[in-house]
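> This one is final.tsv, TSV, C-alpha atoms.
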chain	number	residue	atom	x	y	z
A	1	MET	CA	26.55	-14.10	-43.64
A	2	SER	CA	27.12	-10.58	-45.00
A	3	ARG	CA	24.81	-7.64	-44.41
A	4	ILE	CA	21.43	-8.31	-46.04
A	5	SER	CA	20.03	-5.56	-48.27
A	6	PRO	CA	16.49	-4.49	-47.24
A	7	GLU	CA	15.84	-3.35	-50.82
A	8	ARG	CA	16.67	-6.80	-52.20
A	9	ILE	CA	14.48	-8.46	-49.58
A	10	LEU	CA	11.54	-6.30	-50.68
A	11	LEU	CA	12.37	-7.17	-54.28
A	12	LEU	CA	12.11	-10.89	-53.39
A	13	VAL	CA	8.70	-10.24	-51.80
A	14	ASN	CA	7.56	-8.64	-55.05
A	15	VAL	CA	8.83	-11.60	-57.10
A	16	ALA	CA	7.06	-14.02	-54.74
A	17	HIS	CA	3.78	-12.12	-54.99
A	18	CYS	CA	4.00	-11.85	-58.78
A	19	GLY	CA	5.02	-15.51	-59.20
A	20	SER	CA	7.57	-14.83	-61.94
A	21	MET	CA	10.56	-12.67	-62.76
A	22	THR	CA	8.81	-11.35	-65.86
A	23	LEU	CA	5.74	-10.06	-64.00
A	24	ALA	CA	7.89	-8.63	-61.20
A	25	ALA	CA	10.08	-6.83	-63.73
A	26	ALA	CA	6.99	-5.39	-65.45
A	27	SER	CA	5.49	-4.16	-62.14
A	28	LEU	CA	8.74	-2.49	-61.12
A	29	GLY	CA	9.71	-1.12	-64.54
A	30	GLN	CA	12.99	-3.03	-64.57
A	31	SER	CA	14.49	-5.69	-66.82
A	32	VAL	CA	14.26	-9.38	-65.99
A	33	SER	CA	18.06	-9.65	-65.99
A	34	ALA	CA	18.34	-6.82	-63.45
A	35	ILE	CA	15.82	-8.52	-61.17
A	36	SER	CA	17.59	-11.85	-61.52
A	37	GLN	CA	20.96	-10.26	-60.72
A	38	GLN	CA	19.61	-8.68	-57.52
A	39	ILE	CA	18.08	-11.96	-56.36
A	40	ARG	CA	21.41	-13.73	-56.88
A	41	LYS	CA	23.15	-11.06	-54.78
A	42	LEU	CA	20.53	-11.57	-52.06
A	43	GLU	CA	21.20	-15.31	-52.11
A	44	VAL	CA	24.89	-14.58	-51.57
A	45	GLU	CA	24.04	-12.24	-48.70
A	46	THR	CA	21.78	-14.77	-46.98
A	47	GLY	CA	23.96	-17.78	-47.79
A	48	HIS	CA	20.94	-19.71	-49.10
A	49	PRO	CA	19.23	-20.34	-52.42
A	50	LEU	CA	15.94	-18.44	-52.22
A	51	ILE	CA	14.05	-19.36	-55.38
A	52	GLU	CA	13.85	-22.24	-57.80
A	53	ARG	CA	13.46	-21.15	-61.41
A	54	HIS	CA	11.00	-23.01	-63.63
A	55	SER	CA	9.72	-22.41	-67.11
A	56	ARG	CA	6.39	-21.20	-65.74
A	57	GLY	CA	7.83	-18.96	-63.03
A	58	VAL	CA	9.61	-19.23	-59.69
A	59	VAL	CA	9.02	-21.17	-56.48
A	60	LEU	CA	10.39	-20.11	-53.11
A	61	THR	CA	12.75	-22.41	-51.27
A	62	ASP	CA	12.34	-22.93	-47.53
A	63	ALA	CA	14.87	-20.15	-46.93
A	64	GLY	CA	13.07	-17.95	-49.45
A	65	ARG	CA	9.72	-18.48	-47.71
A	66	THR	CA	11.33	-17.59	-44.37
A	67	VAL	CA	12.79	-14.38	-45.78
A	68	VAL	CA	9.46	-13.39	-47.37
A	69	GLU	CA	7.47	-14.17	-44.21
A	70	HIS	CA	9.72	-11.96	-42.10
A	71	ALA	CA	9.70	-9.24	-44.73
A	72	GLU	CA	5.90	-9.27	-44.82
A	73	GLN	CA	5.81	-8.95	-41.03
A	74	ILE	CA	8.15	-5.98	-41.27
A	75	GLN	CA	5.97	-4.42	-43.98
A	76	GLY	CA	2.97	-4.89	-41.72
A	77	ARG	CA	4.71	-3.19	-38.81
A	78	LEU	CA	5.81	-0.33	-41.07
A	79	LYS	CA	2.24	0.09	-42.26
A	80	SER	CA	1.07	0.04	-38.65
A	81	LEU	CA	3.69	2.70	-37.83
A	82	GLU	CA	2.52	4.78	-40.78
A	83	ASN	CA	-1.08	4.55	-39.57
A	84	ALA	CA	-0.05	5.45	-36.00
A	85	LEU	CA	1.83	8.50	-37.23
A	86	ASP	CA	-1.18	9.49	-39.33
A	87	ASP	CA	-3.33	9.19	-36.19
A	88	ILE	CA	-0.97	11.48	-34.27
A	89	ALA	CA	-0.89	13.99	-37.12
A	90	GLY	CA	-4.68	13.82	-37.35
A	91	LEU	CA	-5.06	14.14	-33.55
A	92	ARG	CA	-6.68	10.71	-33.26
A	93	ALA	CA	-3.86	9.63	-30.90
A	94	GLY	CA	-0.76	10.98	-29.21
A	95	SER	CA	-0.18	13.07	-26.11
A	96	LEU	CA	0.37	16.64	-24.98
A	97	ARG	CA	2.19	17.80	-21.84
A	98	ILE	CA	1.57	21.43	-20.97
A	99	GLY	CA	2.50	23.66	-18.04
A	100	THR	CA	0.65	26.55	-16.46
A	101	PHE	CA	0.67	28.71	-13.34
A	102	PRO	CA	-2.14	28.67	-10.74
A	103	THR	CA	-4.13	31.77	-11.75
A	104	ALA	CA	-4.06	30.74	-15.41
A	105	GLY	CA	-4.93	27.23	-14.30
A	106	SER	CA	-8.11	28.52	-12.65
A	107	SER	CA	-9.19	30.82	-15.49
A	108	LEU	CA	-7.56	30.42	-18.91
A	109	MET	CA	-6.70	26.72	-18.97
A	110	PRO	CA	-10.14	25.24	-18.17
A	111	LEU	CA	-11.62	26.99	-21.22
A	112	ALA	CA	-8.86	25.72	-23.51
A	113	ILE	CA	-8.81	22.21	-22.02
A	114	ASN	CA	-12.57	21.83	-22.41
A	115	SER	CA	-12.34	22.79	-26.10
A	116	PHE	CA	-9.34	20.51	-26.64
A	117	ARG	CA	-10.96	17.46	-25.06
A	118	LEU	CA	-14.15	17.95	-27.05
A	119	ALA	CA	-12.21	18.25	-30.31
A	120	HIS	CA	-9.54	15.59	-29.64
A	121	PRO	CA	-10.84	13.08	-27.07
A	122	LYS	CA	-8.23	10.43	-27.99
A	123	VAL	CA	-5.20	12.65	-27.33
A	124	SER	CA	-3.77	12.12	-23.84
A	125	LEU	CA	-3.48	15.49	-22.08
A	126	SER	CA	-1.49	16.20	-18.91
A	127	VAL	CA	-1.21	19.62	-17.25
A	128	SER	CA	1.28	20.68	-14.56
A	129	SER	CA	0.61	23.82	-12.52
A	130	THR	CA	3.46	25.47	-10.64
A	131	ARG	CA	5.39	28.73	-10.28
A	132	LEU	CA	7.22	30.47	-13.10
A	133	SER	CA	10.76	29.32	-12.27
A	134	SER	CA	9.64	25.69	-12.17
A	135	LEU	CA	7.77	26.06	-15.46
A	136	LEU	CA	10.89	27.36	-17.19
A	137	GLU	CA	12.89	24.46	-15.78
A	138	MET	CA	10.26	21.97	-16.96
A	139	LEU	CA	10.39	23.44	-20.46
A	140	ASN	CA	14.18	23.23	-20.56
A	141	ASN	CA	14.07	19.62	-19.31
A	142	ARG	CA	11.27	18.81	-21.79
A	143	GLU	CA	9.01	17.65	-18.97
A	144	VAL	CA	6.40	19.78	-20.74
A	145	THR	CA	6.45	20.74	-24.42
A	146	MET	CA	4.69	24.07	-23.99
A	147	SER	CA	3.66	26.29	-21.07
A	148	VAL	CA	1.59	29.32	-20.19
A	149	LEU	CA	3.96	31.91	-18.67
A	150	TRP	CA	3.85	35.52	-17.47
A	151	GLU	CA	6.04	38.60	-17.29
A	152	TYR	CA	5.87	42.13	-15.86
A	153	PRO	CA	7.48	45.23	-17.41
A	154	TRP	CA	10.26	45.08	-14.80
A	155	SER	CA	10.71	41.32	-15.04
A	156	THR	CA	10.59	40.19	-18.67
A	157	LEU	CA	11.41	36.72	-19.94
A	158	HIS	CA	14.69	37.10	-21.80
A	159	ASN	CA	15.37	33.52	-22.81
A	160	ALA	CA	17.00	32.96	-26.19
A	161	ASP	CA	15.92	29.31	-26.18
A	162	LEU	CA	12.20	30.10	-25.94
A	163	HIS	CA	9.65	31.03	-28.56
A	164	LEU	CA	7.06	33.23	-26.83
A	165	MET	CA	3.60	34.08	-28.11
A	166	HIS	CA	1.55	36.83	-26.45
A	167	LEU	CA	-1.88	35.56	-25.38
A	168	MET	CA	-3.36	38.44	-23.41
A	169	ASP	CA	-2.75	41.21	-20.89
A	170	ASP	CA	-3.80	40.71	-17.28
A	171	PRO	CA	-4.38	43.98	-15.38
A	172	THR	CA	-4.04	44.29	-11.62
A	173	GLU	CA	-7.20	45.44	-9.86
A	174	LEU	CA	-8.16	46.57	-6.36
A	175	VAL	CA	-10.36	44.33	-4.23
A	176	LEU	CA	-12.43	46.08	-1.54
A	177	SER	CA	-15.10	45.08	0.95
A	178	LEU	CA	-18.62	46.16	0.01
A	179	SER	CA	-18.63	48.55	2.97
A	180	HIS	CA	-15.42	50.31	1.93
A	181	PRO	CA	-15.87	54.03	1.09
A	182	LEU	CA	-14.34	53.48	-2.36
A	183	ALA	CA	-16.45	50.43	-3.22
A	184	GLY	CA	-18.91	52.47	-5.26
A	185	ARG	CA	-16.24	54.04	-7.48
A	186	ASP	CA	-15.66	53.17	-11.15
A	187	ASN	CA	-11.90	53.45	-10.61
A	188	VAL	CA	-9.35	54.69	-8.08
A	189	SER	CA	-5.77	55.96	-8.16
A	190	MET	CA	-2.97	54.69	-5.94
A	191	THR	CA	-2.61	58.17	-4.38
A	192	GLU	CA	-6.05	57.65	-2.79
A	193	LEU	CA	-4.84	54.51	-1.00
A	194	LEU	CA	-2.17	56.12	1.17
A	195	ASN	CA	-3.77	55.18	4.51
A	196	GLU	CA	-5.05	51.72	3.61
A	197	LEU	CA	-4.03	48.46	5.25
A	198	TRP	CA	-3.04	45.78	2.77
A	199	VAL	CA	-3.71	42.07	2.41
A	200	VAL	CA	-0.89	40.47	0.42
A	201	ARG	CA	0.37	37.08	-0.69
A	202	ASP	CA	3.49	35.54	0.92
A	203	ASP	CA	6.84	37.33	0.87
A	204	ASP	CA	8.28	35.66	-2.24
A	205	HIS	CA	5.08	36.04	-4.29
A	206	PRO	CA	5.34	38.40	-7.30
A	207	MET	CA	2.21	40.32	-6.25
A	208	LEU	CA	4.09	41.79	-3.27
A	209	GLU	CA	6.51	43.40	-5.74
A	210	VAL	CA	3.53	44.62	-7.77
A	211	LEU	CA	2.10	46.31	-4.65
A	212	ARG	CA	5.43	47.88	-3.74
A	213	ARG	CA	5.88	49.37	-7.19
A	214	ALA	CA	2.29	50.58	-7.40
A	215	ALA	CA	2.50	52.14	-3.94
A	216	ASN	CA	5.78	53.81	-4.86
A	217	MET	CA	4.04	55.43	-7.82
A	218	GLY	CA	1.37	56.61	-5.37
A	219	GLY	CA	4.03	58.11	-3.10
A	220	PHE	CA	3.77	55.80	-0.10
A	221	ARG	CA	4.97	52.52	1.42
A	222	PRO	CA	2.24	49.89	1.88
A	223	ASN	CA	1.23	48.96	5.42
A	224	VAL	CA	0.80	45.18	5.26
A	225	THR	CA	-1.63	43.77	7.81
A	226	TYR	CA	-2.28	40.21	6.56
A	227	VAL	CA	-0.27	37.69	4.52
A	228	ALA	CA	-2.59	35.26	2.71
A	229	ASN	CA	-1.74	31.82	1.38
A	230	ASP	CA	-3.93	32.17	-1.74
A	231	TYR	CA	-6.26	34.63	-3.45
A	232	GLN	CA	-9.44	33.13	-2.01
A	233	GLU	CA	-8.06	33.68	1.48
A	234	ALA	CA	-7.09	37.22	0.49
A	235	GLN	CA	-10.66	37.88	-0.70
A	236	ALA	CA	-12.05	36.56	2.59
A	237	MET	CA	-9.85	38.91	4.63
A	238	VAL	CA	-10.79	41.85	2.43
A	239	ALA	CA	-14.48	40.98	2.77
A	240	VAL	CA	-14.37	41.35	6.57
A	241	GLY	CA	-12.43	44.61	6.43
A	242	VAL	CA	-8.96	43.43	7.39
A	243	GLY	CA	-7.54	45.42	4.47
A	244	VAL	CA	-7.62	45.91	0.71
A	245	ALA	CA	-5.70	43.91	-1.91
A	246	LEU	CA	-4.20	44.22	-5.38
A	247	VAL	CA	-5.04	41.11	-7.37
A	248	PRO	CA	-4.53	40.08	-11.02
A	249	ARG	CA	-7.84	39.98	-12.88
A	250	MET	CA	-7.23	36.34	-13.86
A	251	ALA	CA	-7.29	35.44	-10.16
A	252	LEU	CA	-10.79	36.89	-9.79
A	253	THR	CA	-12.78	34.52	-11.97
A	254	VAL	CA	-14.27	33.09	-8.75
A	255	LEU	CA	-15.39	36.22	-6.93
A	256	ARG	CA	-17.04	36.44	-3.50
A	257	ASP	CA	-20.38	38.22	-3.23
A	258	ASP	CA	-19.13	40.41	-0.38
A	259	VAL	CA	-16.23	42.10	-2.20
A	260	ARG	CA	-16.02	44.69	-4.95
A	261	VAL	CA	-13.41	44.93	-7.72
A	262	VAL	CA	-12.32	48.39	-8.85
A	263	PRO	CA	-9.76	49.20	-11.62
A	264	VAL	CA	-6.65	51.12	-10.53
A	265	LEU	CA	-5.50	54.10	-12.61
A	266	GLY	CA	-1.98	55.26	-13.28
A	267	THR	CA	0.02	52.11	-12.60
A	268	SER	CA	2.10	49.85	-14.85
A	269	THR	CA	1.20	46.67	-12.97
A	270	GLN	CA	-0.33	44.86	-15.93
A	271	ARG	CA	1.33	41.54	-16.72
A	272	ARG	CA	1.64	39.85	-20.08
A	273	ILE	CA	0.39	36.28	-20.40
A	274	LEU	CA	2.52	34.27	-22.82
A	275	LEU	CA	2.66	30.81	-24.35
A	276	GLY	CA	6.20	29.44	-24.50
A	277	ARG	CA	7.94	26.48	-26.10
A	278	LEU	CA	11.55	25.69	-27.00
A	279	LYS	CA	12.71	27.28	-30.26
A	280	ASN	CA	14.56	24.18	-31.45
A	281	SER	CA	11.43	22.01	-31.21
A	282	THR	CA	8.86	21.45	-33.92
A	283	ALA	CA	5.29	22.00	-32.76
A	284	SER	CA	3.15	18.88	-32.98
A	285	SER	CA	-0.40	18.93	-34.30
A	286	ALA	CA	-1.62	18.72	-30.70
A	287	GLU	CA	0.50	21.74	-29.69
A	288	VAL	CA	-0.75	23.78	-32.65
A	289	SER	CA	-4.35	22.96	-31.79
A	290	MET	CA	-3.91	23.76	-28.09
A	291	ALA	CA	-2.21	27.06	-28.96
A	292	ASP	CA	-5.22	28.04	-31.08
A	293	MET	CA	-7.58	27.15	-28.26
A	294	LEU	CA	-5.56	29.14	-25.73
A	295	VAL	CA	-5.73	32.15	-28.06
A	296	ASP	CA	-9.53	31.76	-28.24
A	297	ALA	CA	-9.77	31.38	-24.45
A	298	ALA	CA	-7.57	34.45	-23.90
A	299	ARG	CA	-9.74	36.46	-26.28
A	300	PHE	CA	-12.86	35.36	-24.38
A	301	LEU	CA	-11.37	36.32	-21.01
A	302	SER	CA	-10.15	39.67	-22.32
A	303	VAL	CA	-13.59	40.58	-23.67
A	304	GLY	CA	-15.28	39.29	-20.52
I need this file expressed as structure tokens, please.

Amino acid sequence: MSRISPERILLLVNVAHCGSMTLAAASLGQSVSAISQQIRKLEVETGHPLIERHSRGVVLTDAGRTVVEHAEQIQGRLKSLENALDDIAGLRAGSLRIGTFPTAGSSLMPLAINSFRLAHPKVSLSVSSTRLSSLLEMLNNREVTMSVLWEYPWSTLHNADLHLMHLMDDPTELVLSLSHPLAGRDNVSMTELLNELWVVRDDDHPMLEVLRRAANMGGFRPNVTYVANDYQEAQAMVAVGVGVALVPRMALTVLRDDVRVVPVLGTSTQRRILLGRLKNSTASSAEVSMADMLVDAARFLSVG
């Protein structure tokens, strides 16, 4: 049996539904002879007679009925596929895999996720939170299709494969105990922090580099007294007077009652929060919607 033409199979289905060559030709805008010629070619391809011609129309043979039944099943599956794709495009189905880093995961992402789930409850959403290097690897490996990322002026994301959209700026602020002499100030400069003890994150955390650069601008080397595992622990140590800390504003959405946050003047420690995805990928409807919601969430956090 030679290769069977899908177009001729669909033509046979039309003939079967119409009941005659004449009606099928009229519905398709073709001549009866052209239809008849295509059916004969299909019979050669299948190796079976498919229709019996009568004066009042056509009747399918057993082989013809088998071909039409399978073709109708295929048409049904194609229609089901079409509907499924329409559901994905209309955000009534589908999935979205997105990456984030911990401070964005505790501030920016919950706002966007809440909006997304309310608007698109049938879209499966998964979120992975990890450090920047892992997020970039996950994007490259397509483990996530988009990710919230960050960069500092001295450590920008130069990746030709990524499309980056700026969401917001995240300033670094000083966290003090309520009893600290500077706690009542509207702002401070790094030069006023020469003799302070510092609570920092672990050695390979980017905030340690932020502190070093800010202190350098203030003309001193920071005296580190405590290395914290996370920002909540850092706040706790600051609250009892162990030291002071520089913390990104996004990490301060859950703030202790016994600490005070004061803006720092004259430093370039503000980081840019970005949304990244691979340039050679086409954004799905779910990605476009989530991007819009992240923009709204970033705007809300920036105003707040």
> Return as a tab-separated table the residues of stretch 80-185 of chain A lying at most 12 Å from stretch 289-300 of chain A, together with the closest atom-to-atom pair for each and the distance in Å to one decimal, counting all atoms listed in the file, with rows in chain order and ascending residue number.

residue	atom	partner	partner_atom	distance
A:Ala89	CA	A:Ser289	CA	11.0
A:Gly90	CA	A:Ser289	CA	10.7
A:Leu91	CA	A:Ser289	CA	9.0
A:Ser95	CA	A:Met290	CA	11.5
A:Leu96	CA	A:Met290	CA	8.9
A:Arg97	CA	A:Met290	CA	10.6
A:Ile98	CA	A:Met290	CA	9.3
A:Gly99	CA	A:Met290	CA	11.9
A:Thr100	CA	A:Leu294	CA	11.5
A:Ala104	CA	A:Ala298	CA	9.9
A:Gly105	CA	A:Leu294	CA	11.6
A:Ser107	CA	A:Ala297	CA	9.0
A:Leu108	CA	A:Ala297	CA	6.0
A:Met109	CA	A:Leu294	CA	7.3
A:Pro110	CA	A:Ala297	CA	8.8
A:Leu111	CA	A:Ala297	CA	5.8
A:Ala112	CA	A:Met293	CA	5.1
A:Ile113	CA	A:Met290	CA	8.0
A:Asn114	CA	A:Met293	CA	9.4
A:Ser115	CA	A:Met293	CA	6.8
A:Phe116	CA	A:Met290	CA	6.5
A:Arg117	CA	A:Met290	CA	9.9
A:Leu118	CA	A:Met293	CA	11.4
A:Ala119	CA	A:Ser289	CA	9.3
A:His120	CA	A:Ser289	CA	9.3
A:Val123	CA	A:Met290	CA	11.2
A:Leu125	CA	A:Met290	CA	10.2
A:Val127	CA	A:Met290	CA	11.9
A:Thr145	CA	A:Met290	CA	11.4
A:Met146	CA	A:Ala291	CA	9.0
A:Ser147	CA	A:Ala291	CA	9.9
A:Val148	CA	A:Leu294	CA	9.0
A:Leu164	CA	A:Ala291	CA	11.3
A:Met165	CA	A:Ala291	CA	9.2
A:His166	CA	A:Val295	CA	8.8
A:Leu167	CA	A:Val295	CA	5.8
A:Met168	CA	A:Ala298	CA	5.8
A:Asp169	CA	A:Ala298	CA	8.8
A:Asp170	CA	A:Ala298	CA	9.9
> Please list as a PDB file with C-alpha atoms, in the coordinates of the input every residue within 8 Å of A:Leu178, counting all atoms listed in the file and excluding residues in the same chain fewer than 6 positions away.

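Just written: result.pdb:
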ATOM      1  CA  ALA A 239     -14.480  40.980   2.770  1.00  0.00           C
ATOM      2  CA  ASP A 258     -19.130  40.410  -0.380  1.00  0.00           C
ATOM      3  CA  VAL A 259     -16.230  42.100  -2.200  1.00  0.00           C
ATOM      4  CA  ARG A 260     -16.020  44.690  -4.950  1.00  0.00           C
TER       5      ARG A 260
END
> Pick from A:Val210, A:Ser106, A:Arg201, A:Ser155: nearest to A:Thr269, with only C-alpha atoms counted?
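Closest residue, counting only C-alpha atoms: A:Val210.
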> Using only C-alpha atoms, which residue out of A:Leu136, A:Val199, A:Tyr231, A:Val261 lies closest to A:His158?
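Among the listed residues, the smallest separation from A:His158 belongs to A:Leu136.
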> Draw an axis-aligned box over all listed atoms of stretch 219-229 of chain A, pad each side with 3 Å, and write its centre and edge lengths in Å, one decimal, as lines of an AutoDock Vina configuration file.

center_x = 1.2
center_y = 45.0
center_z = 2.4
size_x = 13.6
size_y = 32.3
size_z = 16.9
> Report, in Å to a single decimal, how far apart atom CA of A:Tyr226 and atom CA of A:Val238 are.
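Here the two named atoms are 9.6 Å from each other.
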> If I take atom CA of A:Ala16 and atom CA of A:Arg65, how far is one from the other in Å, to one decimal?
8.7 Å
> Calculated over only C-alpha atoms, which of the candidates A:Asp161, A:Pro171, A:Arg221, A:Val32 has the smallest distance to A:Asn280?
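Checking each candidate against A:Asn280, we get A:Asp161 as the closest.
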> Please provide the set of residues having any atom within 7 Å of A:Pro222, restricted to all atoms listed in the file, with same-chain residues fewer than 2 positions apart removed, written as a list in words.
Trp198, Arg212, Ala215, Phe220 and Val224 of chain A
> Rounded to one decimal in Å, what is the spacing between atom CA of A:Ser285 and atom CA of A:Ser128?
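Taking atom CA of A:Ser285 as the start and atom CA of A:Ser128 as the end point, the length is 19.9 Å.
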> Could you list, with a cut-off of 7 Å and counting all atoms listed in the file, the residues of stretch 210-289 of chain A near stretch 180-195 of chain A, each shown with its nearest atom pair and the distance in Å rounded to one decimal, rows sorted by chain and ascending number, as JSON lines?

{"residue": "A:Ala214", "atom": "CA", "partner": "A:Met190", "partner_atom": "CA", "distance": 6.8}
{"residue": "A:Ala215", "atom": "CA", "partner": "A:Met190", "partner_atom": "CA", "distance": 6.4}
{"residue": "A:Gly218", "atom": "CA", "partner": "A:Thr191", "partner_atom": "CA", "distance": 4.4}
{"residue": "A:Gly219", "atom": "CA", "partner": "A:Thr191", "partner_atom": "CA", "distance": 6.8}
{"residue": "A:Phe220", "atom": "CA", "partner": "A:Leu194", "partner_atom": "CA", "distance": 6.1}
{"residue": "A:Arg260", "atom": "CA", "partner": "A:Ala183", "partner_atom": "CA", "distance": 6.0}
{"residue": "A:Val262", "atom": "CA", "partner": "A:Asn187", "partner_atom": "CA", "distance": 5.4}
{"residue": "A:Pro263", "atom": "CA", "partner": "A:Asn187", "partner_atom": "CA", "distance": 4.9}
{"residue": "A:Val264", "atom": "CA", "partner": "A:Val188", "partner_atom": "CA", "distance": 5.1}
{"residue": "A:Leu265", "atom": "CA", "partner": "A:Ser189", "partner_atom": "CA", "distance": 4.8}
{"residue": "A:Gly266", "atom": "CA", "partner": "A:Ser189", "partner_atom": "CA", "distance": 6.4}
> Within 9 Å of stretch 41-48 of chain A, counting only C-alpha atoms, which residues qualify if same-chain residues fewer than 6 places away don't, as an NGL selection string?
:A and (1-5 or 8-9 or 12 or 61 or 63-64)
> Considering only C-alpha atoms, can you say which of A:Thr130, A:Thr253, A:Ser20, A:Asn14 comes closest to A:Arg56?
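Closest to A:Arg56, using only C-alpha atoms: A:Ser20.
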> Could you check which of A:Ser179, A:Gln270, A:Asn216, A:Ser33 is closest to A:Gly243, using all atoms listed in the file?
A:Ser179
> Residues within 12 Å of A:Ala34, please, as a list in words. Count only C-alpha atoms; anything in the same chain fewer than 3 positions from it doesn't count.
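My list of contacting residues is Arg8, Leu11, Met21, Thr22, Ala24, Ala25, Ala26, Leu28, Gly29, Gln30, Ser31, Gln37, Gln38, Ile39, Arg40 and Lys41 of chain A.
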> For each of A:Arg271, A:Arg256, A:Arg142, A:Arg249, take the minimum atom-to-atom distance to A:Ala236, counting all atoms listed in the file, then give the residue where this is smallest.
A:Arg256
